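Q: Here you go, this is protein22.pdb (PDB, C-alpha atoms).
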```pdb
ATOM      1  CA  MET A   1     136.211  99.493  43.592
ATOM      2  CA  GLN A   2     139.650  99.804  42.141
ATOM      3  CA  SER A   3     141.350  98.335  39.137
ATOM      4  CA  GLY A   4     145.011  98.024  38.271
ATOM      5  CA  ASN A   5     148.060  96.492  39.901
ATOM      6  CA  MET A   6     149.719  97.433  43.174
ATOM      7  CA  THR A   7     153.367  98.307  43.378
ATOM      8  CA  GLY A   8     155.696  98.013  46.347
ATOM      9  CA  ASP A   9     154.948  97.418  49.999
ATOM     10  CA  ASP A  10     154.815 100.494  52.221
ATOM     11  CA  ARG A  11     156.063  99.927  55.754
ATOM     12  CA  ILE A  12     154.462 102.284  58.266
ATOM     13  CA  GLN A  13     155.631 102.365  61.862
ATOM     14  CA  PHE A  14     155.015 104.463  64.959
ATOM     15  CA  THR A  15     157.295 105.975  67.555
ATOM     16  CA  LYS A  16     157.228 104.825  71.160
ATOM     17  CA  GLU A  17     155.517 108.083  72.163
ATOM     18  CA  GLU A  18     152.806 107.602  69.505
ATOM     19  CA  ARG A  19     152.176 104.054  70.640
ATOM     20  CA  GLU A  20     151.627 105.234  74.203
ATOM     21  CA  VAL A  21     149.205 107.985  73.144
ATOM     22  CA  PHE A  22     147.267 106.035  70.527
ATOM     23  CA  ARG A  23     146.463 103.124  72.825
ATOM     24  CA  LYS A  24     144.697 105.084  75.566
ATOM     25  CA  PRO A  25     141.333 106.719  74.762
ATOM     26  CA  ARG A  26     140.360 110.109  76.183
ATOM     27  CA  THR A  27     137.923 109.442  79.027
ATOM     28  CA  LEU A  28     135.247 112.112  78.413
ATOM     29  CA  ARG A  29     135.089 111.295  74.721
ATOM     30  CA  LEU A  30     134.915 107.596  75.593
ATOM     31  CA  VAL A  31     131.957 108.056  77.948
ATOM     32  CA  PHE A  32     130.138 110.150  75.337
ATOM     33  CA  ASP A  33     130.702 107.684  72.503
ATOM     34  CA  LEU A  34     129.772 104.642  74.571
ATOM     35  CA  SER A  35     126.533 106.321  75.640
ATOM     36  CA  LEU A  36     125.322 107.040  72.101
ATOM     37  CA  PRO A  37     124.149 103.518  71.136
ATOM     38  CA  TRP A  38     122.123 103.242  74.337
ATOM     39  CA  LEU A  39     120.630 106.691  73.723
ATOM     40  CA  GLN A  40     119.669 105.610  70.204
ATOM     41  CA  ALA A  41     118.030 102.454  71.575
ATOM     42  CA  ILE A  42     116.086 104.452  74.174
ATOM     43  CA  ILE A  43     114.857 106.874  71.508
ATOM     44  CA  GLY A  44     113.701 103.962  69.366
ATOM     45  CA  CYS A  45     111.850 102.355  72.270
ATOM     46  CA  THR A  46     110.286 105.682  73.294
ATOM     47  CA  ILE A  47     108.864 106.256  69.812
ATOM     48  CA  PHE A  48     106.944 102.996  69.962
ATOM     49  CA  VAL A  49     105.982 103.132  73.645
ATOM     50  CA  ALA A  50     104.616 106.667  73.221
ATOM     51  CA  HIS A  51     102.525 105.721  70.198
ATOM     52  CA  PRO A  52     102.191 101.959  69.608
ATOM     53  CA  ALA A  53     101.509 101.314  65.925
ATOM     54  CA  LEU A  54     102.967  99.326  63.075
ATOM     55  CA  TRP A  55     104.779 102.293  61.544
ATOM     56  CA  THR A  56     106.290 103.401  64.855
ATOM     57  CA  TRP A  57     107.385  99.814  65.513
ATOM     58  CA  LEU A  58     109.188  99.703  62.176
ATOM     59  CA  ILE A  59     110.987 102.968  62.939
ATOM     60  CA  ALA A  60     111.779 101.733  66.440
ATOM     61  CA  ILE A  61     113.292  98.390  65.452
ATOM     62  CA  ILE A  62     115.454  99.996  62.753
ATOM     63  CA  LEU A  63     116.842 102.481  65.282
ATOM     64  CA  ILE A  64     117.236  99.805  67.941
ATOM     65  CA  ALA A  65     118.971  97.409  65.532
ATOM     66  CA  GLY A  66     121.441 100.141  64.601
ATOM     67  CA  ALA A  67     122.050 100.784  68.294
ATOM     68  CA  GLN A  68     122.538  97.069  68.975
ATOM     69  CA  HIS A  69     125.045  96.873  66.176
ATOM     70  CA  GLY A  70     126.835  99.777  67.834
ATOM     71  CA  LEU A  71     126.951  97.785  71.088
ATOM     72  CA  SER A  72     128.628  94.948  69.197
ATOM     73  CA  LEU A  73     131.261  97.329  67.817
ATOM     74  CA  ILE A  74     132.051  98.538  71.322
ATOM     75  CA  SER A  75     132.301  94.902  72.447
ATOM     76  CA  HIS A  76     134.829  94.462  69.653
ATOM     77  CA  GLU A  77     136.856  97.417  70.902
ATOM     78  CA  ALA A  78     136.865  95.917  74.373
ATOM     79  CA  ALA A  79     137.944  92.531  73.001
ATOM     80  CA  HIS A  80     141.217  94.281  72.142
ATOM     81  CA  ARG A  81     141.295  95.721  75.692
ATOM     82  CA  LEU A  82     140.960  99.258  74.383
ATOM     83  CA  ILE A  83     137.952 100.502  76.367
ATOM     84  CA  TRP A  84     139.932 100.711  79.600
ATOM     85  CA  PRO A  85     143.486  99.570  78.816
ATOM     86  CA  GLN A  86     144.694 100.463  82.327
ATOM     87  CA  SER A  87     142.829  97.439  83.740
ATOM     88  CA  ARG A  88     141.722  94.273  81.980
ATOM     89  CA  LYS A  89     139.250  93.550  84.791
ATOM     90  CA  ILE A  90     137.478  96.901  84.398
ATOM     91  CA  ASN A  91     137.640  96.737  80.608
ATOM     92  CA  ASP A  92     136.055  93.288  80.533
ATOM     93  CA  ALA A  93     133.394  94.100  83.120
ATOM     94  CA  ILE A  94     132.259  97.167  81.160
ATOM     95  CA  ALA A  95     132.213  95.184  77.934
ATOM     96  CA  THR A  96     130.417  92.177  79.375
ATOM     97  CA  TYR A  97     127.589  93.828  81.279
ATOM     98  CA  LEU A  98     126.937  96.976  79.238
ATOM     99  CA  PHE A  99     127.601  95.868  75.674
ATOM    100  CA  ALA A 100     128.079  92.148  75.019
ATOM    101  CA  ALA A 101     125.589  90.487  77.367
ATOM    102  CA  PRO A 102     122.644  92.644  76.186
ATOM    103  CA  LEU A 103     123.277  91.130  72.722
ATOM    104  CA  LEU A 104     123.410  87.532  74.017
ATOM    105  CA  LEU A 105     127.070  87.700  73.055
ATOM    106  CA  PRO A 106     129.403  85.576  75.223
ATOM    107  CA  PHE A 107     132.230  88.067  75.511
ATOM    108  CA  GLU A 108     135.185  85.804  76.292
ATOM    109  CA  VAL A 109     134.177  83.307  73.612
ATOM    110  CA  TYR A 110     133.785  86.154  71.147
ATOM    111  CA  ARG A 111     137.223  87.513  72.035
ATOM    112  CA  GLN A 112     138.853  84.146  71.373
ATOM    113  CA  ARG A 113     137.192  83.798  67.985
ATOM    114  CA  HIS A 114     137.838  87.397  67.020
ATOM    115  CA  LEU A 115     141.570  87.196  67.662
ATOM    116  CA  ILE A 116     141.661  84.167  65.374
ATOM    117  CA  HIS A 117     139.957  86.295  62.714
ATOM    118  CA  HIS A 118     142.732  88.864  63.000
ATOM    119  CA  ARG A 119     145.363  86.180  62.607
ATOM    120  CA  LEU A 120     143.698  84.427  59.643
ATOM    121  CA  VAL A 121     142.036  87.209  57.635
ATOM    122  CA  SER A 122     141.384  85.978  54.075
ATOM    123  CA  LEU A 123     142.864  82.571  54.923
ATOM    124  CA  PRO A 124     141.238  79.171  55.563
ATOM    125  CA  GLY A 125     140.141  78.976  59.179
ATOM    126  CA  ASP A 126     139.034  82.604  59.493
ATOM    127  CA  THR A 127     136.233  82.661  62.076
ATOM    128  CA  LYS A 128     134.502  85.429  60.121
ATOM    129  CA  SER A 129     133.353  83.762  56.918
ATOM    130  CA  PHE A 130     130.454  85.724  55.441
ATOM    131  CA  TYR A 131     132.728  87.811  53.203
ATOM    132  CA  LEU A 132     133.950  84.570  51.598
ATOM    133  CA  ARG A 133     130.596  84.036  49.903
ATOM    134  CA  ASP A 134     129.661  85.042  46.372
ATOM    135  CA  MET A 135     127.063  87.794  46.820
ATOM    136  CA  ARG A 136     126.482  88.716  43.197
ATOM    137  CA  GLY A 137     122.955  89.232  41.873
ATOM    138  CA  TRP A 138     120.070  87.344  43.450
ATOM    139  CA  LYS A 139     122.347  85.758  46.069
ATOM    140  CA  PHE A 140     122.594  89.092  47.878
ATOM    141  CA  GLY A 141     118.812  89.350  48.186
ATOM    142  CA  PHE A 142     118.606  85.758  49.380
ATOM    143  CA  GLU A 143     121.106  86.477  52.163
ATOM    144  CA  ILE A 144     119.047  89.467  53.292
ATOM    145  CA  LEU A 145     115.874  87.387  53.443
ATOM    146  CA  LYS A 146     117.660  84.608  55.332
ATOM    147  CA  SER A 147     118.923  87.097  57.912
ATOM    148  CA  LEU A 148     115.506  88.698  58.375
ATOM    149  CA  THR A 149     113.963  85.343  59.324
ATOM    150  CA  GLY A 150     116.275  85.149  62.332
ATOM    151  CA  VAL A 151     117.296  81.604  61.419
ATOM    152  CA  ASP A 152     120.764  82.620  60.279
ATOM    153  CA  TYR A 153     121.467  84.250  63.650
ATOM    154  CA  PHE A 154     120.813  81.029  65.549
ATOM    155  CA  LEU A 155     122.750  78.911  63.064
ATOM    156  CA  GLN A 156     125.756  81.199  63.440
ATOM    157  CA  ALA A 157     125.485  81.223  67.250
ATOM    158  CA  VAL A 158     125.259  77.429  67.486
ATOM    159  CA  GLY A 159     128.095  77.070  64.978
ATOM    160  CA  ALA A 160     130.353  79.393  66.964
ATOM    161  CA  ILE A 161     129.795  77.494  70.223
ATOM    162  CA  ARG A 162     130.263  74.130  68.517
ATOM    163  CA  ALA A 163     133.503  75.343  66.919
ATOM    164  CA  GLY A 164     134.788  76.526  70.283
ATOM    165  CA  LYS A 165     134.184  73.113  71.816
ATOM    166  CA  GLU A 166     135.661  71.181  68.905
ATOM    167  CA  GLU A 167     138.730  73.373  68.430
ATOM    168  CA  GLY A 168     139.613  73.356  72.107
ATOM    169  CA  TYR A 169     139.836  77.088  72.839
ATOM    170  CA  GLU A 170     141.696  77.726  76.073
ATOM    171  CA  GLU A 171     139.324  77.596  79.074
ATOM    172  CA  PHE A 172     136.386  77.594  76.654
ATOM    173  CA  ALA A 173     133.936  75.777  78.929
ATOM    174  CA  SER A 174     134.589  77.957  81.995
ATOM    175  CA  ASN A 175     134.510  81.144  79.916
ATOM    176  CA  LEU A 176     131.211  80.129  78.337
ATOM    177  CA  ARG A 177     129.630  79.370  81.731
ATOM    178  CA  ARG A 178     130.744  82.741  83.085
ATOM    179  CA  ASP A 179     129.411  84.499  79.987
ATOM    180  CA  GLN A 180     126.093  82.667  80.257
ATOM    181  CA  ARG A 181     125.628  83.826  83.852
ATOM    182  CA  SER A 182     126.221  87.443  82.908
ATOM    183  CA  ILE A 183     123.830  87.122  79.955
ATOM    184  CA  LEU A 184     121.064  85.709  82.148
ATOM    185  CA  LEU A 185     121.542  88.495  84.704
ATOM    186  CA  VAL A 186     121.521  91.313  82.131
ATOM    187  CA  HIS A 187     118.563  89.959  80.206
ATOM    188  CA  GLY A 188     116.638  89.484  83.428
ATOM    189  CA  VAL A 189     117.088  93.211  84.051
ATOM    190  CA  LEU A 190     116.160  94.082  80.454
ATOM    191  CA  PHE A 191     113.039  91.921  80.674
ATOM    192  CA  LEU A 192     111.900  93.683  83.847
ATOM    193  CA  VAL A 193     112.541  97.139  82.365
ATOM    194  CA  PHE A 194     110.578  96.383  79.195
ATOM    195  CA  THR A 195     107.779  94.739  81.211
ATOM    196  CA  TYR A 196     107.423  97.897  83.316
ATOM    197  CA  PHE A 197     106.310  99.819  80.200
ATOM    198  CA  ASP A 198     104.470  96.892  78.612
ATOM    199  CA  PRO A 199     100.642  97.006  78.591
ATOM    200  CA  MET A 200     100.841  93.240  77.943
ATOM    201  CA  LEU A 201      98.870  91.263  75.390
ATOM    202  CA  TYR A 202      96.392  88.951  77.124
ATOM    203  CA  GLY A 203      98.556  89.224  80.234
ATOM    204  CA  PHE A 204     101.741  88.271  78.379
ATOM    205  CA  PRO A 205     104.660  90.758  78.138
ATOM    206  CA  THR A 206     105.690  91.390  74.526
ATOM    207  CA  TYR A 207     107.881  94.507  74.457
ATOM    208  CA  TYR A 208     111.062  92.656  75.413
ATOM    209  CA  PHE A 209     110.568  90.322  72.460
ATOM    210  CA  ILE A 210     109.400  92.740  69.787
ATOM    211  CA  LEU A 211     111.609  95.705  70.745
ATOM    212  CA  TRP A 212     114.826  93.958  71.776
ATOM    213  CA  LEU A 213     115.141  90.323  70.746
ATOM    214  CA  TRP A 214     113.518  90.622  67.323
ATOM    215  CA  PRO A 215     115.701  93.436  65.910
ATOM    216  CA  MET A 216     118.761  91.826  67.506
ATOM    217  CA  VAL A 217     118.420  88.465  65.726
ATOM    218  CA  THR A 218     117.341  89.959  62.395
ATOM    219  CA  ILE A 219     118.246  93.514  61.357
ATOM    220  CA  SER A 220     121.198  93.994  63.699
ATOM    221  CA  PHE A 221     122.667  90.662  62.633
ATOM    222  CA  LEU A 222     122.188  91.627  58.985
ATOM    223  CA  LEU A 223     124.029  94.910  59.521
ATOM    224  CA  GLY A 224     126.997  92.991  60.887
ATOM    225  CA  LYS A 225     127.047  90.684  57.873
ATOM    226  CA  LEU A 226     126.923  93.554  55.381
ATOM    227  CA  ARG A 227     129.684  95.387  57.209
ATOM    228  CA  SER A 228     131.982  92.355  57.201
ATOM    229  CA  LEU A 229     131.348  91.893  53.480
ATOM    230  CA  VAL A 230     132.540  95.423  52.821
ATOM    231  CA  GLU A 231     135.538  95.133  55.133
ATOM    232  CA  HIS A 232     137.167  92.081  53.591
ATOM    233  CA  GLN A 233     135.797  90.998  50.215
ATOM    234  CA  PRO A 234     138.234  91.925  47.411
ATOM    235  CA  ALA A 235     137.138  93.806  44.315
ATOM    236  CA  ARG A 236     136.659  91.526  41.325
ATOM    237  CA  THR A 237     137.926  94.190  38.914
ATOM    238  CA  VAL A 238     141.433  94.287  40.376
ATOM    239  CA  LYS A 239     144.133  92.411  38.445
ATOM    240  CA  TRP A 240     146.102  90.666  41.167
ATOM    241  CA  PRO A 241     149.650  89.357  40.654
ATOM    242  CA  ALA A 242     149.864  86.085  38.755
ATOM    243  CA  GLN A 243     151.462  83.988  41.506
ATOM    244  CA  GLU A 244     149.194  81.693  43.487
ATOM    245  CA  THR A 245     148.425  82.555  47.106
ATOM    246  CA  SER A 246     146.326  81.043  49.884
ATOM    247  CA  TYR A 247     144.402  84.266  50.365
ATOM    248  CA  PHE A 248     140.754  84.552  49.331
ATOM    249  CA  MET A 249     140.343  85.360  45.610
ATOM    250  CA  GLY A 250     144.115  85.196  45.128
ATOM    251  CA  THR A 251     145.022  88.500  46.752
ATOM    252  CA  PRO A 252     148.745  88.857  47.557
ATOM    253  CA  GLY A 253     147.966  89.515  51.230
ATOM    254  CA  PRO A 254     145.046  89.890  53.689
ATOM    255  CA  MET A 255     142.331  92.102  52.199
ATOM    256  CA  LEU A 256     141.463  95.143  54.347
ATOM    257  CA  ARG A 257     139.073  97.931  53.370
ATOM    258  CA  SER A 258     138.199 101.286  54.880
ATOM    259  CA  VAL A 259     135.383 103.506  53.603
ATOM    260  CA  LYS A 260     134.545 107.166  53.943
ATOM    261  CA  ALA A 261     131.019 106.414  55.261
ATOM    262  CA  THR A 262     128.024 108.737  55.000
ATOM    263  CA  TRP A 263     126.366 110.112  58.138
ATOM    264  CA  LEU A 264     123.546 107.554  57.777
ATOM    265  CA  GLU A 265     126.037 104.708  57.468
ATOM    266  CA  ARG A 266     127.807 105.956  60.576
ATOM    267  CA  LEU A 267     124.493 105.860  62.432
ATOM    268  CA  PHE A 268     123.805 102.213  61.577
ATOM    269  CA  LEU A 269     127.055 100.589  60.466
ATOM    270  CA  SER A 270     130.024 102.503  61.764
ATOM    271  CA  LYS A 271     129.905 103.818  65.287
ATOM    272  CA  ILE A 272     133.262 104.532  66.988
ATOM    273  CA  HIS A 273     135.031 105.067  63.636
ATOM    274  CA  PHE A 274     134.565 101.475  62.530
ATOM    275  CA  HIS A 275     134.709 102.479  58.878
ATOM    276  CA  TYR A 276     138.474 102.856  59.388
ATOM    277  CA  HIS A 277     138.645  99.089  59.464
ATOM    278  CA  ALA A 278     141.872  98.619  57.524
ATOM    279  CA  GLU A 279     143.675 100.872  59.974
ATOM    280  CA  HIS A 280     142.327  98.814  62.865
ATOM    281  CA  HIS A 281     143.540  95.530  61.367
ATOM    282  CA  LEU A 282     146.960  96.924  60.595
ATOM    283  CA  TRP A 283     147.385  98.240  64.146
ATOM    284  CA  PRO A 284     144.782  96.611  66.448
ATOM    285  CA  TRP A 285     146.384  98.203  69.518
ATOM    286  CA  ILE A 286     145.230 101.698  68.461
ATOM    287  CA  SER A 287     142.123 103.139  70.133
ATOM    288  CA  TYR A 288     139.216 103.959  67.828
ATOM    289  CA  GLN A 289     139.661 107.631  68.779
ATOM    290  CA  TYR A 290     142.956 107.839  66.879
ATOM    291  CA  LEU A 291     142.012 105.863  63.769
ATOM    292  CA  PRO A 292     141.170 109.071  61.797
ATOM    293  CA  THR A 293     144.680 110.373  62.553
ATOM    294  CA  VAL A 294     146.237 107.133  61.336
ATOM    295  CA  HIS A 295     143.975 107.151  58.286
ATOM    296  CA  LYS A 296     145.303 110.559  57.250
ATOM    297  CA  ARG A 297     148.844 109.321  57.578
ATOM    298  CA  ILE A 298     148.097 106.476  55.159
ATOM    299  CA  TRP A 299     146.106 108.272  52.496
ATOM    300  CA  GLN A 300     146.750 112.011  52.586
ATOM    301  CA  GLY A 301     148.726 112.994  49.522
ATOM    302  CA  SER A 302     149.212 109.403  48.376
ATOM    303  CA  GLY A 303     147.056 109.785  45.249
ATOM    304  CA  LYS A 304     146.123 106.098  45.561
ATOM    305  CA  LYS A 305     143.073 104.146  46.658
ATOM    306  CA  LEU A 306     144.710 100.730  46.657
ATOM    307  CA  ARG A 307     147.998 100.042  48.417
ATOM    308  CA  CYS A 308     150.076  97.293  49.962
ATOM    309  CA  ILE A 309     150.878  98.236  53.561
ATOM    310  CA  ASN A 310     152.815  96.035  55.957
ATOM    311  CA  GLY A 311     152.074  93.034  53.734
ATOM    312  CA  CYS A 312     148.310  93.667  53.548
ATOM    313  CA  VAL A 313     146.157  94.712  50.597
ATOM    314  CA  VAL A 314     144.553  97.973  51.713
ATOM    315  CA  THR A 315     141.858  99.894  49.865
ATOM    316  CA  PHE A 316     139.795 103.005  50.565
ATOM    317  CA  ASP A 317     136.321 103.411  49.038
ATOM    318  CA  PRO A 318     133.676 106.168  49.079
ATOM    319  CA  SER A 319     131.016 104.428  51.213
ATOM    320  CA  TYR A 320     129.501 101.141  52.333
ATOM    321  CA  THR A 321     126.698 101.665  49.825
ATOM    322  CA  VAL A 322     129.082 102.022  46.879
ATOM    323  CA  VAL A 323     130.991  98.874  47.826
ATOM    324  CA  LEU A 324     127.808  96.822  48.348
ATOM    325  CA  ARG A 325     126.448  97.981  45.010
ATOM    326  CA  ASN A 326     129.643  96.863  43.316
ATOM    327  CA  VAL A 327     129.547  93.530  45.138
ATOM    328  CA  ILE A 328     126.035  92.896  43.810
ATOM    329  CA  ARG A 329     127.116  93.813  40.266
ATOM    330  CA  GLY A 330     130.230  91.682  40.511
ATOM    331  CA  ASN A 331     132.611  94.619  39.968
TER
END
```
Show me, as structure tokens, the structure contained in the file I just sent.
A:
Amino acid sequence: MQSGNMTGDDRIQFTKEEREVFRKPRTLRLVFDLSLPWLQAIIGCTIFVAHPALWTWLIAIILIAGAQHGLSLISHEAAHRLIWPQSRKINDAIATYLFAAPLLLPFEVYRQRHLIHHRLVSLPGDTKSFYLRDMRGWKFGFEILKSLTGVDYFLQAVGAIRAGKEEGYEEFASNLRRDQRSILLVHGVLFLVFTYFDPMLYGFPTYYFILWLWPMVTISFLLGKLRSLVEHQPARTVKWPAQETSYFMGTPGPMLRSVKATWLERLFLSKIHFHYHAEHHLWPWISYQYLPTVHKRIWQGSGKKLRCINGCVVTFDPSYTVVLRNVIRGN
């Protein structure tokens, strides 16, 4: 975490040629990256199916949860129409059936809520609210326990659907019905696949529940919460300008954070370059494949780790682990 005051507001723009290049991902790289979470999930399942035991189940669900979180990150990329920008129909079909529906995530509803998050980061009404909580000390451990019960997942899901109905999102009801049909179809296929390998307990199939649903509503959901905490909660050690603002914790603009990310964090928290989160928020039209290039433009040679860019408070930290440790300590 950083301390000290920011000076100035750097305005970074891109040429027309850069905008055309940065929006469209390279196809072979895209196919490879989008395959990795599913490969990780298959490896996790194979470990347990090959040798069913408590210790192999624990390894399996950790790997599967990390893979599921990766599926959610790809769904996010598609919500910005960046998986296949040439066609919204193809982009949305890929996202819905291969990445969102397997997570019980209604893709169109998610897209509506996520775009509101981009518009209201650090402001009242932000649809992503976990980072607004005080996570110091024992409260952090309590949040972990709450997530691991699975209760928090269902509360958040019900809350999101209720908010969509109450706030009158455009075509919310029809979008939700369409999403529900795709979810039922995909999970019917997943259930049959898991049942094929399931020896069954007293004639009842269990693999679908213990290898897919359980890690999804507990560990995977927890990973998403921890990531959002890192992405948007300001450092408490920074001395912000004295004037009052509407932004969370009095920051002079929306709080955006990128981290370097260790290889282990990339495996579980940051597939498709998600640790370059500040860059994504500043320019959400840029494909994940070009975020490292944009990151270098921001930070290389700057000598800073806290800047104001295009009206946003932007910081760069060593890793998710370092930031979470500082959050717990109240730094």
Q: List the residues selected by the PyMOL selection byres ((chain A and resi 47) around 12) in the file shown, writing them as a list in words.
A: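 Those residues are Gln40, Ala41, Ile42, Ile43, Gly44, Cys45, Thr46, Phe48, Val49, Ala50, His51, Pro52, Ala53, Leu54, Trp55, Thr56, Trp57, Leu58, Ile59, Ala60, Ile61, Ile62, Leu63, Ile64 and Leu211 of chain A.
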Q: What gap, in Å, lies between CA of Tyr208 in chain A and CA of Val189 in chain A?
A: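 Pair CA of Tyr208 in chain A / CA of Val189 in chain A returns 10.5 Å.
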Q: To one decimal place, how far is CA of Ser129 in chain A from CA of Ala79 in chain A in Å?
A: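 Separation of CA of Ser129 in chain A and CA of Ala79 in chain A: 18.9 Å.
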Q: Just the number, please: distance in Å from CA of His117 in chain A to CA of Arg23 in chain A, one decimal.
A: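 Rounded to one decimal, the two atoms are 20.7 Å apart.
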Q: Using all atoms listed in the file for the distances, tell me which of A:Glu108, A:Glu20, A:Glu265, A:Asp317 is nearest to Gln86 in chain A.
A: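 For Gln86 in chain A, the nearest of the given residues is A:Glu20.
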Q: Quick one: of A:Ile286, A:Met200, A:Ile161, A:Cys312, who's nearest to Leu176 in chain A, counting only C-alpha atoms?
A: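 Result for the nearest residue to Leu176 in chain A: A:Ile161.
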Q: For the file shown, report as a ChimeraX atom specification the outcome of the PyMOL selection byres ((chain A and resi 33-39) around 8) at residue level.
A: /A:29-32,40-43,66-68,70-71,74,272
Q: For Phe194 in chain A, which residue among A:Phe140, A:Tyr207, A:Tyr290, A:Trp84 is the nearest when counting all atoms listed in the file?
A: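 Among the listed residues, A:Tyr207 lies closest to Phe194 in chain A.
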Q: Taking only C-alpha atoms into account, which of A:Thr15, A:Leu28, A:Glu77, A:Ser228 comes nearest Ser287 in chain A?
A: A:Glu77
Q: To test the calculation: enclose all listed atoms of range 154-168 of chain A in a box whose edges run along x, y and z, add 5 Å on each side, then state centre and edge lengths in Å to one decimal, as lines of an AutoDock Vina configuration file.
A:
```
center_x = 130.2
center_y = 76.2
center_z = 67.6
size_x = 28.8
size_y = 20.0
size_z = 19.0
```
Q: Could you list as a VMD selection string every residue that has an atom within 9 Å of (130.6, 106.0, 46.9), using the file's coordinates and counting only C-alpha atoms?
A: chain A and resid 259 to 262 317 to 323
Q: Since I can't run it myself right now, could you work out what the PyMOL selection byres ((chain A and resi 14) around 12) selects here and report it as a list of chain:residue names?
A: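 For this structure, the PyMOL selection byres ((chain A and resi 14) around 12) resolves to A:Arg11, A:Ile12, A:Gln13, A:Thr15, A:Lys16, A:Glu17, A:Glu18, A:Arg19, A:Glu20, A:Val21, A:Phe22, A:Arg23, A:Leu282, A:Trp283, A:Trp285, A:Ile286, A:Val294, A:Arg297.
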Q: Could you pull the residues within 10 Å of Thr251 in chain A, counting only C-alpha atoms, minus those fewer than 2 positions along the same chain, as a PyMOL selection string?
A: chain A and resi 122+234-235+238-249+253-255+312-313
Q: Compile the contact shell of His80 in chain A as a VMD selection string: residues with an atom at most 8 Å away, counting only C-alpha atoms, same-chain residues fewer than 4 positions apart removed.
A: chain A and resid 76 111 284 to 285
Q: Starting from the sparse input, extend range 183-187 of chain A to all heavy atoms and give the output as an mmCIF file, in the coordinates of the input.
A:
```
data_model
loop_
_atom_site.group_PDB
_atom_site.id
_atom_site.type_symbol
_atom_site.label_atom_id
_atom_site.label_comp_id
_atom_site.auth_asym_id
_atom_site.auth_seq_id
_atom_site.Cartn_x
_atom_site.Cartn_y
_atom_site.Cartn_z
ATOM 1 N N ILE A 183 124.916 86.922 80.918
ATOM 2 C CA ILE A 183 123.830 87.122 79.955
ATOM 3 C C ILE A 183 122.473 86.958 80.629
ATOM 4 O O ILE A 183 121.554 87.763 80.417
ATOM 5 C CB ILE A 183 123.986 86.144 78.772
ATOM 6 C CG1 ILE A 183 125.156 86.584 77.874
ATOM 7 C CG2 ILE A 183 122.699 86.068 77.951
ATOM 8 C CD1 ILE A 183 125.524 85.573 76.809
ATOM 9 N N LEU A 184 122.332 85.933 81.443
ATOM 10 C CA LEU A 184 121.064 85.709 82.148
ATOM 11 C C LEU A 184 120.745 86.878 83.069
ATOM 12 O O LEU A 184 119.586 87.326 83.146
ATOM 13 C CB LEU A 184 121.133 84.408 82.944
ATOM 14 C CG LEU A 184 121.061 83.117 82.128
ATOM 15 C CD1 LEU A 184 121.315 81.906 83.021
ATOM 16 C CD2 LEU A 184 119.697 82.997 81.445
ATOM 17 N N LEU A 185 121.751 87.374 83.785
ATOM 18 C CA LEU A 185 121.542 88.495 84.704
ATOM 19 C C LEU A 185 121.099 89.740 83.941
ATOM 20 O O LEU A 185 120.104 90.391 84.297
ATOM 21 C CB LEU A 185 122.831 88.778 85.472
ATOM 22 C CG LEU A 185 122.828 90.027 86.360
ATOM 23 C CD1 LEU A 185 121.770 89.905 87.454
ATOM 24 C CD2 LEU A 185 124.203 90.266 86.969
ATOM 25 N N VAL A 186 121.820 90.095 82.883
ATOM 26 C CA VAL A 186 121.521 91.313 82.131
ATOM 27 C C VAL A 186 120.162 91.218 81.459
ATOM 28 O O VAL A 186 119.382 92.184 81.474
ATOM 29 C CB VAL A 186 122.631 91.588 81.095
ATOM 30 C CG1 VAL A 186 122.216 92.704 80.151
ATOM 31 C CG2 VAL A 186 123.926 91.956 81.803
ATOM 32 N N HIS A 187 119.848 90.076 80.887
ATOM 33 C CA HIS A 187 118.563 89.959 80.206
ATOM 34 C C HIS A 187 117.400 89.867 81.197
ATOM 35 O O HIS A 187 116.271 90.240 80.856
ATOM 36 C CB HIS A 187 118.580 88.777 79.239
ATOM 37 C CG HIS A 187 119.167 89.150 77.919
ATOM 38 N ND1 HIS A 187 118.396 89.510 76.830
ATOM 39 C CD2 HIS A 187 120.454 89.298 77.534
ATOM 40 C CE1 HIS A 187 119.185 89.826 75.831
ATOM 41 N NE2 HIS A 187 120.429 89.708 76.231
#
```
